[in-house]
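*Asks:* My questions will all concern the structure given below.
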Amino acid sequence: MASKSYSNLLELASGDPPPVCRTAHFTPRHLLPSATGSFLSHSDSNSELDPSFSLSSSTPRTIIVANHLPLCTGRRSDGSGWSFSFDHDSLLLQLRDSLPSSSNLTFVGCLRDDIIPPSDHDEVSQHLLHTFRCLPLFLPAELHSRFYLGFCKRHLWPLFHYLLPLSPELASRFDRSLWQAYVSVNKLFADKLLEVINPDHDSVWLHDYHLMALPTFLRKRFNCLKLGFFLHSPFPSSEIYRTLPVREEILRSLLNSDLIGFHTFDYARHFLSCCSRMLGLTYQSHRGYIELDYYGRAVNIKILPVGIHLGRLQRVLSLHETESLVARIMEQFADKTILLGVDDFDIFKGISLKLLAMEQLLALHPKWRGKAVLIQIANPARGRGKDVKEVQAETFAIVRRINETYGTSNYRPVILFDKPLSFCEKIAYYVAADCCLITAVRDGMNLIPYEYVIARQGNENLDRVLGLSVGSVKKSMLVLSEFIGCSPSLSGAIRVNPWDIEAVADAMDSALEMPETEKQLRHEKHFQFVSTHDVGYWAHSFLQDLQRSCKDHLTRRCWGIGFGLGFRVVALDNNFRKLSMEHILTAYRKSKTRALLLDYDGTLMPQSTIDKRPSSKLVEILNSLCNEKNNSVFLVSGKSRRTLSDWFYTCENLAIAAEHGCFIKLKRDSAWETCVPLVGCDWKQVVEPVMKLYTDTTDGSTIEDNETALVWSYEDADPDFGSCQAKELLSHLESVLANEPVSVKAGPHKVEVKPQGVSKGLVVERMLSTLGAKVLQPDFILCIGDDRSDEQMFEVINNAMTGPRLGKNAEVFACTVGQKPSKAKYYLDDTIEIMRLIQGLAFVSLTEQEHGRSSSGSSIDFDGMIQVNDAKGIFD
C-alpha cells in the first residue's frame with residue numbers, strides 16, 4: 001500500500017532531509033513598458049502611479065484577486081478608443097483607499113464590462129497595469145457566461161443562500177460542464193497571476209465564492225505563498241452544503257489558503273462543521289485564534305465583518321447636492337414618518353415580505369395610516385432569470401394593492417424606486433429616514449445599515465437642513481433580519497424573523513414608538529462600532545493576521561501531494577521527519593540491548609476496527625520480537641488487564657501495561673504490579689450516573705468500565721454533537737470530582753477518568769529501571785504511539801537521552817502515527833506502515849535466531865521482508 005501522505009517515498013526513505021520550504025527565484029513575466037497608445041485614456045485624477053513602479057521590485061506587495069476589477073470601462077465620446085476610471089462603489093477600491101500601504105496593492109480580475117476586442121488586449125493590459133495597477137483577465141464570452149451566470153449564479157449563489165434544487169423551478173440541477181468551466185476560469189486566474197507575482201515577497205488575497213478553486217492552483221505552483229481568502233457571502237450549514245456534488249473539492253481547495261475569513265461566527269462555524277463531517281478534521285482555539293491542522297499546515301480562521309468607507313461617505317454627506325436633496329425630501333414628507341428599505345431586486349432580499357409587513361402595520365395600527373411612508377429603493381438584480389421576474393411582478397402587485405387600499409390623493413404608503421439611484425440620492429434618503437428596515441431572508445453582510453447609521457450622524461450643515469440645533473444628540477432605528485451578516489454586530493437593532501409578517505409589523509411599530517432617549521442610546525452604540533470598524537480596520541486586520549499565519553513558512557519543510565483539486569501541501573517541522581525503514585532496521589541490527597514500547601489502540605490496531613482482538617499474525621510477530629534475547633518488548637494499552645491477558649496469553653515474554661500503565665507485568669507468568677498506590681473506586685458511584693446521562697442523550701456513545709478507570713467514548717456518535725457533549729461532560733466531571741484523587745482527561749473521541757499520577761510515562765520509567773537492575777543500558781529504543789496519552793512516553797524518553805540510563809550513542813526512535821504536533825521526532829502515516837515496520841524488525845529477529853548475529857553493519861536483505869501490501873492481512 002502506497003503512503004497516503006507522500007508521493008516520493010524513496011526520497012524520504014533515504015533519510016536525507018527534504019528541502020526547507022523555499023520558492024525559487026521568480027521573475028514576473030509582465031515587464032513590458034507602460035502602454036501609451038492614443039486610444040487609451042483614464043479619467044481618474046488620482047490613478048497615475050509613481051513612474052518608478054516596477055513589477056520586479058523585491059518590496060513586499062499585496063495582490064488583490066477578485067472576479068471584477070475596481071474599474072469602469074467605456075468608449076470615448078468620439079468613439080476613438082477606450083476610457084477607464086476607478087469604480088468608487090467597489091469594495092476593493094475602498095479597501096485600497098483605506099490602507100496606508102495602498103501603493104503596494106495590485107489588482108487582478110476581469111473587467112466588469114468586457115467589451116475590449118482581442119486585438120487590443122495586450123495594450124489595454126499594459127495600460128491598466130501601469131496606470132491603475134490593475135491586471136485584467138480577458139475571458140471568452142461563452143466561457144465567462146458558463147462560469148459566472150452558470151456555475152456561480154445558478155449553483156453556488158442559490159446554494160450558499162440555502163436554496164436547494166428540489167425542482168427545476170427553484171434552482172438549477174448540477175451541471176458538470178458548468179463546474180468544469182468554473183475550474184477552467186480559476187486556473188486562468190492562476191495563470192494570469194504568474195505575470196505579476198513575486199512569490200518570495202508577495203501576499204495574495206482572494207475574494208469571494210467565484211474563486212474558491214484558485215487556492216489549489218496557486219498552492220500547487222508556490223508551496224509557501226502567503227495566501228488569504230475572504231468569503232463575502234454566507235457559508236451554509238453542513239446539511240445544505242453537503243448536497244453539492246463537488247463539496248470536497250471546494251473544501252480542500254479553500255484549505256490550501258493560510259487564512260480564511262468570514263463575516264460572522266455562524267458562517268465560520270458552518271465551514272468548520274463541514275470540514276469535520278466531510279474531511280474528518282478537527283479545529284482548536286489557540287490564544288484566541290481558531291486553527292485547523294491540515295497535513296501539518298495551520299489553516300487559520302478569521303471572523304470579522306467588513307466595514308464601510310467612512311471618508312467617502314462623509315465626503316458625500318458634505319456635498320451641497322446632498323443638502324439640497326435632503327431639503328427636498330424633508331419638504332416632500334414634512335408631516336410623514338419615513339421608513340426606508342434599500343435592497344437588490346432579487347429573491348433573497350425579502351422585499352415582498354417587507355411590503356406585506358408594511359401592509360400588516362397599516363392594518364393593525366390605524367394610527368400610522370396617512371403618516372407612515374415606506375420608501376423602498378430596489379437596486380437592479382445582479383442575476384437573471386425567471387425568479388427575478390417573478391419577484392418583480394409580485395413586488396409591483398403588492399405595492400399597487402397597498403396604495404390602492406390605504407392611499408389617498410395626497411398620500412402613498414409605499415414609494416418604490418425600481419431604477420438605479422445615485423449614491424448621493426441614497427445617502428439623502430438615509431439622512432431623512434426615521435427607521436431603516438432590512439428584511440433579507442439570507443444575505444452575506446449587507447452594509448446598508450452601517451451607511452444609514454453614519455448618515456444619521458450627519459454634520460452641522462445637515463443638522464441645519466433637518467432643523468436640529470447645534471450639538472443636538474442624534475438618533476436612528478434599525479429593524480434587521482436575523483439572517484444577515486451585519487445583524488450580530490448591531491446589537492441595538494430590533495432583530496426579526498422576516499418570515500413572521502406580524503412580528504415584523506410589530507417591530508416597525510416598536511421602532512417608531514420607542515422613546516427618544518432609547519433611540520439616542522442605540523444610535524450611539526451603533527455609531528461607536530461602525531465608526532471604529534471601517535473597511536480600513538477590516539483590511540488591515542486581515543492582512544496583519546495573514547502575515548502572522550505565514551510567519552513559519554520558511555522554517556518548515558513542504559511537499560506537494562495529490563492530483564487535481566485534491567492537491568495539498570504537507571508541512572513539517574525541520575526536526576520532524578518520516579521514519580526511514582532502512583535506517584531503523586540497520587540500527588536494530590547493530591544494537592545489542594533493545595527496548596520496544598508499542599501502543600495498541602490506534603497504533604497496532606486501527607481505531608476504525610470494531611473487533612479490537614489481535615489477529616494470529618500480529619501475535620506471531622510480537623512473539624518473534626519477544627523471543628529475541630536482546631529485546632524487551634512492552635505493549636501499552638488502555639484496556640483492562642483481564643482483556644490483555646486473554647488476548648496475549650500465548651506471548652510468554654511480552655511485558656504488558658494495562659489501563660495506561662496503572663498495571664504492569666513483565667512476563668505472562670509474572671504477577672501484576674501497580675505503578676501508583678491505588679485508592680478505592682468509590683468515585684465510580686459518582687461518575688457512572690453522570691456518564692450514563694450523557695450516553696442516553698448521545699446516540700452512538702458508550703461507557704467502558706475498567707478496574708481503575710471509566711471511559712466515555714463517542715467514536716460512533718455524530719462528530720460535532722459528540723465533541724460538544726464531551727466538552728460538557730469534561731466540565732461536569734471536573735466539578736463533581738474536584739475533591740477526589742482522580743484526574744479527568746479528554747482524548748480522541750473519549751473522556752476518561754482515572755487515578756491521579758497514572759500515565760504511560762510510568763511504563764517507560766519502569767522499563768528503564770528494570771533494565772538498569774540487570775545492569776543493562778539499551779542502545780536501541782523504539783517507542784510508537786498515536787494520541788495525546790502517548791506524548792508522556794515520548795517526553796520521558798527525550799529526557800532519558802541526556803542521562804546515564806541509555807547506552808553510549810544509543811539510537812532512539814520516538815515515533816507518532818500521522819503528521820501532527822508531537823514530542824516525537826519521527827512519524828509514520830498509519831497502522832499499515834507501523835505493521836510493516838515491526839514485521840521488518842521481526843524478520844531481522846528471526847534471521848538472527850536462525851543464523852546467529854551477523855557482523856555489525858552488514859546490509860539488510862529487504863527482499864526477504866514481508867511487503868507492505870501483506871500487512872493488511874495482520875488485521876484480518
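Labels used: A, B, ... for chains in the order of the C-alpha cells, numbers from 1 for residues in each chain, and numbers from 1 for ligands as shown.
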Might you pull out every residue within 7 Å of segment 62-76 of chain A, with only C-alpha atoms counted and same-chain residues fewer than 2 positions away left off, and present them as a PDB file with C-alpha atoms, in the first residue's frame?
*Replies:*
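Saved result, result_29.pdb, follows:
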ATOM      1  CA  ASP A  78     -15.949  60.419 -30.026  1.00  0.00           C
ATOM      2  CA  GLY A  79     -15.720  56.633 -30.391  1.00  0.00           C
ATOM      3  CA  SER A  80     -11.951  56.740 -30.956  1.00  0.00           C
ATOM      4  CA  GLY A  81     -10.899  54.489 -28.080  1.00  0.00           C
ATOM      5  CA  TRP A  82     -11.450  53.276 -24.548  1.00  0.00           C
ATOM      6  CA  SER A  83     -11.860  55.203 -21.340  1.00  0.00           C
ATOM      7  CA  PHE A  84     -11.114  53.786 -17.898  1.00  0.00           C
ATOM      8  CA  SER A  85     -11.767  55.108 -14.400  1.00  0.00           C
ATOM      9  CA  PHE A  86     -11.942  53.754 -10.896  1.00  0.00           C
ATOM     10  CA  ASP A  87     -15.292  52.409  -9.711  1.00  0.00           C
ATOM     11  CA  SER A  90     -16.175  48.859  -5.485  1.00  0.00           C
ATOM     12  CA  LEU A  92     -11.702  46.722  -3.497  1.00  0.00           C
ATOM     13  CA  LEU A  93     -11.112  50.383  -4.264  1.00  0.00           C
ATOM     14  CA  ASN A 104       1.851  48.259  -2.647  1.00  0.00           C
ATOM     15  CA  LEU A 105      -1.502  46.916  -3.831  1.00  0.00           C
ATOM     16  CA  THR A 106      -2.054  45.308  -7.227  1.00  0.00           C
ATOM     17  CA  PHE A 107      -5.416  44.074  -8.504  1.00  0.00           C
ATOM     18  CA  VAL A 108      -6.142  41.083 -10.714  1.00  0.00           C
ATOM     19  CA  GLY A 109      -9.594  40.372 -12.134  1.00  0.00           C
ATOM     20  CA  CYS A 110     -11.975  40.730 -15.062  1.00  0.00           C
ATOM     21  CA  LEU A 111     -13.371  43.975 -16.403  1.00  0.00           C
ATOM     22  CA  ARG A 112     -16.994  44.373 -15.402  1.00  0.00           C
ATOM     23  CA  ASP A 113     -17.997  45.186 -18.990  1.00  0.00           C
ATOM     24  CA  CYS A 134      -4.934  46.507 -12.367  1.00  0.00           C
ATOM     25  CA  ASP A 202       4.146  38.991  -2.187  1.00  0.00           C
ATOM     26  CA  SER A 203       0.931  38.148  -0.363  1.00  0.00           C
ATOM     27  CA  VAL A 204      -2.207  37.171  -2.282  1.00  0.00           C
ATOM     28  CA  TRP A 205      -5.707  37.955  -1.024  1.00  0.00           C
ATOM     29  CA  LEU A 206      -8.562  36.196  -2.835  1.00  0.00           C
ATOM     30  CA  HIS A 207     -12.143  37.427  -2.610  1.00  0.00           C
ATOM     31  CA  HIS A 210     -16.123  32.983  -7.578  1.00  0.00           C
TER      32      HIS A 210
END
*Asks:* For segment 320-328 of chain A, find every residue with an atom within 10 Å (counting only C-alpha atoms), except residues of its own chain fewer than 6 positions away, and show them as number ranges by chain.
*Replies:* A: 334, 423-432, 461-466
*Asks:* If you count only C-alpha atoms, which residues fall within 12 Å of segment 336-340 of chain A, apart from same-chain ones fewer than 5 positions away, as a PyMOL selection string?
*Replies:* chain A and resi 329-331+351+354-355+358+361+367-378+410-417+426-439+448-449+452+476-480+505+508-509+511-513
*Asks:* Excluding Leu447 of chain A and its own-chain neighbours fewer than 5 positions away, which residues fall within 8 Å of it when counting only C-alpha atoms? Please give them as number ranges by chain.
*Replies:* A: 307-308, 486
*Asks:* Where does DSSP see helix (DSSP H, G or I) in segment 179-333 of chain A, if you list the residues as a ChimeraX atom specification?
*Replies:* /A:179-193,209-211,214-221,238-241,247-254,265-279,310-317,320-332
*Asks:* Please list as a PDB file with C-alpha atoms, in the first residue's frame every residue within 10 Å of Gln520 of chain A, counting only C-alpha atoms and excluding residues in the same chain fewer than 5 positions away.
*Replies:*
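To be explicit, this is the file written out as around_35.pdb:
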ATOM      1  CA  VAL A 473     -27.958  64.314  20.020  1.00  0.00           C
ATOM      2  CA  LYS A 474     -28.567  62.041  17.067  1.00  0.00           C
ATOM      3  CA  LYS A 475     -30.885  59.084  16.864  1.00  0.00           C
ATOM      4  CA  SER A 476     -31.660  56.257  14.475  1.00  0.00           C
ATOM      5  CA  MET A 477     -33.555  52.980  14.484  1.00  0.00           C
ATOM      6  CA  PRO A 515     -38.731  56.738  23.450  1.00  0.00           C
ATOM      7  CA  LYS A 525     -23.848  52.304  20.418  1.00  0.00           C
ATOM      8  CA  HIS A 526     -24.077  51.608  16.694  1.00  0.00           C
TER       9      HIS A 526
END
*Asks:* What does the distance from atom CA of Glu142 of chain A to atom CA of Leu91 of chain A come to in Å, to one decimal?
*Replies:* 27.0 Å
*Asks:* For Thr243 of chain A, find every residue with an atom within 12 Å (counting only C-alpha atoms), except residues of its own chain fewer than 3 positions away, and show them as a PyMOL selection string.
*Replies:* chain A and resi 155-156+159-160+162-166+173-174+236-240+246-248+274+278
*Asks:* I need the residue nearest Ile303 of chain A from this list: A:Trp538, A:Asn798, A:Arg315, A:Pro136. Use only C-alpha atoms for the distance.
*Replies:*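 With only C-alpha atoms as the atom set, the closest residue is A:Trp538.
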*Asks:* Can you list, as a list in words, every protein, DNA or RNA residue that comes within 12 Å of Gln528 of chain A when you count only C-alpha atoms, leaving out same-chain residues fewer than 2 positions away?
*Replies:*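 Contacts, in chain order: Tyr450, Val453, Ile454, Gln457, Ser489, Leu490, Ser491, Gly492, Leu521, Arg522, His523, Glu524, Lys525, His526, Val530, Ser531, Thr532, His533 and Asp534 of chain A.
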*Asks:* Please identify every residue of segment 681-735 of chain A that has at least one atom no farther than 8 Å from an atom of segment 744-759 of chain A, counting only C-alpha atoms, and for each give the shortest atom pair and the distance in Å to one decimal, arranged by chain then increasing number, as a tab-separated table.
*Replies:*
residue	atom	partner	partner_atom	distance
A:Thr708	CA	A:Lys754	CA	6.2
A:Ala709	CA	A:Lys754	CA	4.5
A:Leu710	CA	A:Val753	CA	5.3
A:Val711	CA	A:Glu752	CA	4.4
A:Trp712	CA	A:Val751	CA	5.1
A:Ser713	CA	A:Lys750	CA	4.2
A:Tyr714	CA	A:His749	CA	5.3
A:Glu715	CA	A:His749	CA	5.1
A:Gly722	CA	A:His749	CA	7.7
A:Ser723	CA	A:His749	CA	7.3
A:Ala726	CA	A:Val751	CA	6.5
A:Leu729	CA	A:Val751	CA	7.8
A:Leu730	CA	A:Val751	CA	6.7
A:Leu733	CA	A:Val744	CA	7.1
A:Glu734	CA	A:Val744	CA	6.5
*Asks:* DSSP on the backbone, then: every residue of segment 269-497 of chain A marked strand (DSSP E or B), written as number ranges by chain.
*Replies:* A: 283-286, 289-294, 297-303, 337-344, 372-379, 408, 411, 414-417, 435-438, 478-481, 494-496
*Asks:* Distance table requested - segment 581-622 of chain A against segment 806-811 of chain A, cut-off 10 Å, only C-alpha atoms: one row per qualifying residue with the closest atom pair and its distance in Å to one decimal, ordered by chain and rising residue number, as JSON lines.
*Replies:*
{"residue": "A:Ile584", "atom": "CA", "partner": "A:Glu811", "partner_atom": "CA", "distance": 8.6}
{"residue": "A:Ala587", "atom": "CA", "partner": "A:Glu811", "partner_atom": "CA", "distance": 6.8}
{"residue": "A:Tyr588", "atom": "CA", "partner": "A:Glu811", "partner_atom": "CA", "distance": 8.6}
{"residue": "A:Lys590", "atom": "CA", "partner": "A:Glu811", "partner_atom": "CA", "distance": 9.8}
{"residue": "A:Ser591", "atom": "CA", "partner": "A:Ala810", "partner_atom": "CA", "distance": 8.3}
{"residue": "A:Lys592", "atom": "CA", "partner": "A:Gly807", "partner_atom": "CA", "distance": 9.8}
{"residue": "A:Thr593", "atom": "CA", "partner": "A:Gly807", "partner_atom": "CA", "distance": 8.7}
{"residue": "A:Arg594", "atom": "CA", "partner": "A:Glu811", "partner_atom": "CA", "distance": 9.6}
*Asks:* With N, CA and C atoms retained, export the selected residues as a PDB file, in the first residue's frame.
*Replies:*
ATOM      1  N   ILE A 584      16.145   2.464  10.484  1.00  0.00           N
ATOM      2  CA  ILE A 584      15.829   1.819  11.760  1.00  0.00           C
ATOM      3  C   ILE A 584      16.220   0.343  11.752  1.00  0.00           C
ATOM      4  N   ALA A 587      19.957   0.214  12.357  1.00  0.00           N
ATOM      5  CA  ALA A 587      20.248   0.467  13.773  1.00  0.00           C
ATOM      6  C   ALA A 587      19.846  -0.726  14.641  1.00  0.00           C
ATOM      7  N   TYR A 588      18.748  -1.369  14.294  1.00  0.00           N
ATOM      8  CA  TYR A 588      18.272  -2.532  15.058  1.00  0.00           C
ATOM      9  C   TYR A 588      19.283  -3.667  15.009  1.00  0.00           C
ATOM     10  N   LYS A 590      22.493  -3.436  14.435  1.00  0.00           N
ATOM     11  CA  LYS A 590      23.757  -3.075  15.076  1.00  0.00           C
ATOM     12  C   LYS A 590      23.668  -3.131  16.594  1.00  0.00           C
ATOM     13  N   SER A 591      22.486  -2.952  17.138  1.00  0.00           N
ATOM     14  CA  SER A 591      22.331  -2.791  18.588  1.00  0.00           C
ATOM     15  C   SER A 591      22.450  -4.121  19.326  1.00  0.00           C
ATOM     16  N   LYS A 592      22.711  -4.018  20.625  1.00  0.00           N
ATOM     17  CA  LYS A 592      22.871  -5.205  21.466  1.00  0.00           C
ATOM     18  C   LYS A 592      21.796  -5.303  22.540  1.00  0.00           C
ATOM     19  N   THR A 593      21.304  -4.174  23.029  1.00  0.00           N
ATOM     20  CA  THR A 593      20.245  -4.172  24.043  1.00  0.00           C
ATOM     21  C   THR A 593      19.129  -3.266  23.542  1.00  0.00           C
ATOM     22  N   ARG A 594      17.951  -3.872  23.342  1.00  0.00           N
ATOM     23  CA  ARG A 594      16.868  -3.141  22.687  1.00  0.00           C
ATOM     24  C   ARG A 594      15.644  -3.063  23.595  1.00  0.00           C
TER      25      ARG A 594
END
*Asks:* Taking only C-alpha atoms into account, name the residue in A:Pro366, A:Gly761, A:Gly261, A:Gly485 that is nearest to Val441 of chain A.
*Replies:*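 Nearest candidate to Val441 of chain A out of A:Pro366, A:Gly761, A:Gly261, A:Gly485: A:Gly485.
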*Asks:* Find, counting only C-alpha atoms, the residue in A:Gln544, A:Gln725, A:Ser789, A:Ser735 that gets nearest to His660 of chain A.
*Replies:*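 The closest residue to His660 of chain A is A:Ser789.
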*Asks:* With distances taken over only C-alpha atoms, which of A:Ser615, A:Val504, A:Leu596, A:Thr770 is nearest to Met793 of chain A?
*Replies:*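 Selected residue with least distance to Met793 of chain A: A:Leu596.
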*Asks:* Between atom CA of Lys760 of chain A and atom CA of Val676 of chain A, measure the distance and give it in Å to one decimal.
*Replies:*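 Taking atom CA of Lys760 of chain A as the start and atom CA of Val676 of chain A as the end point, the length is 11.9 Å.
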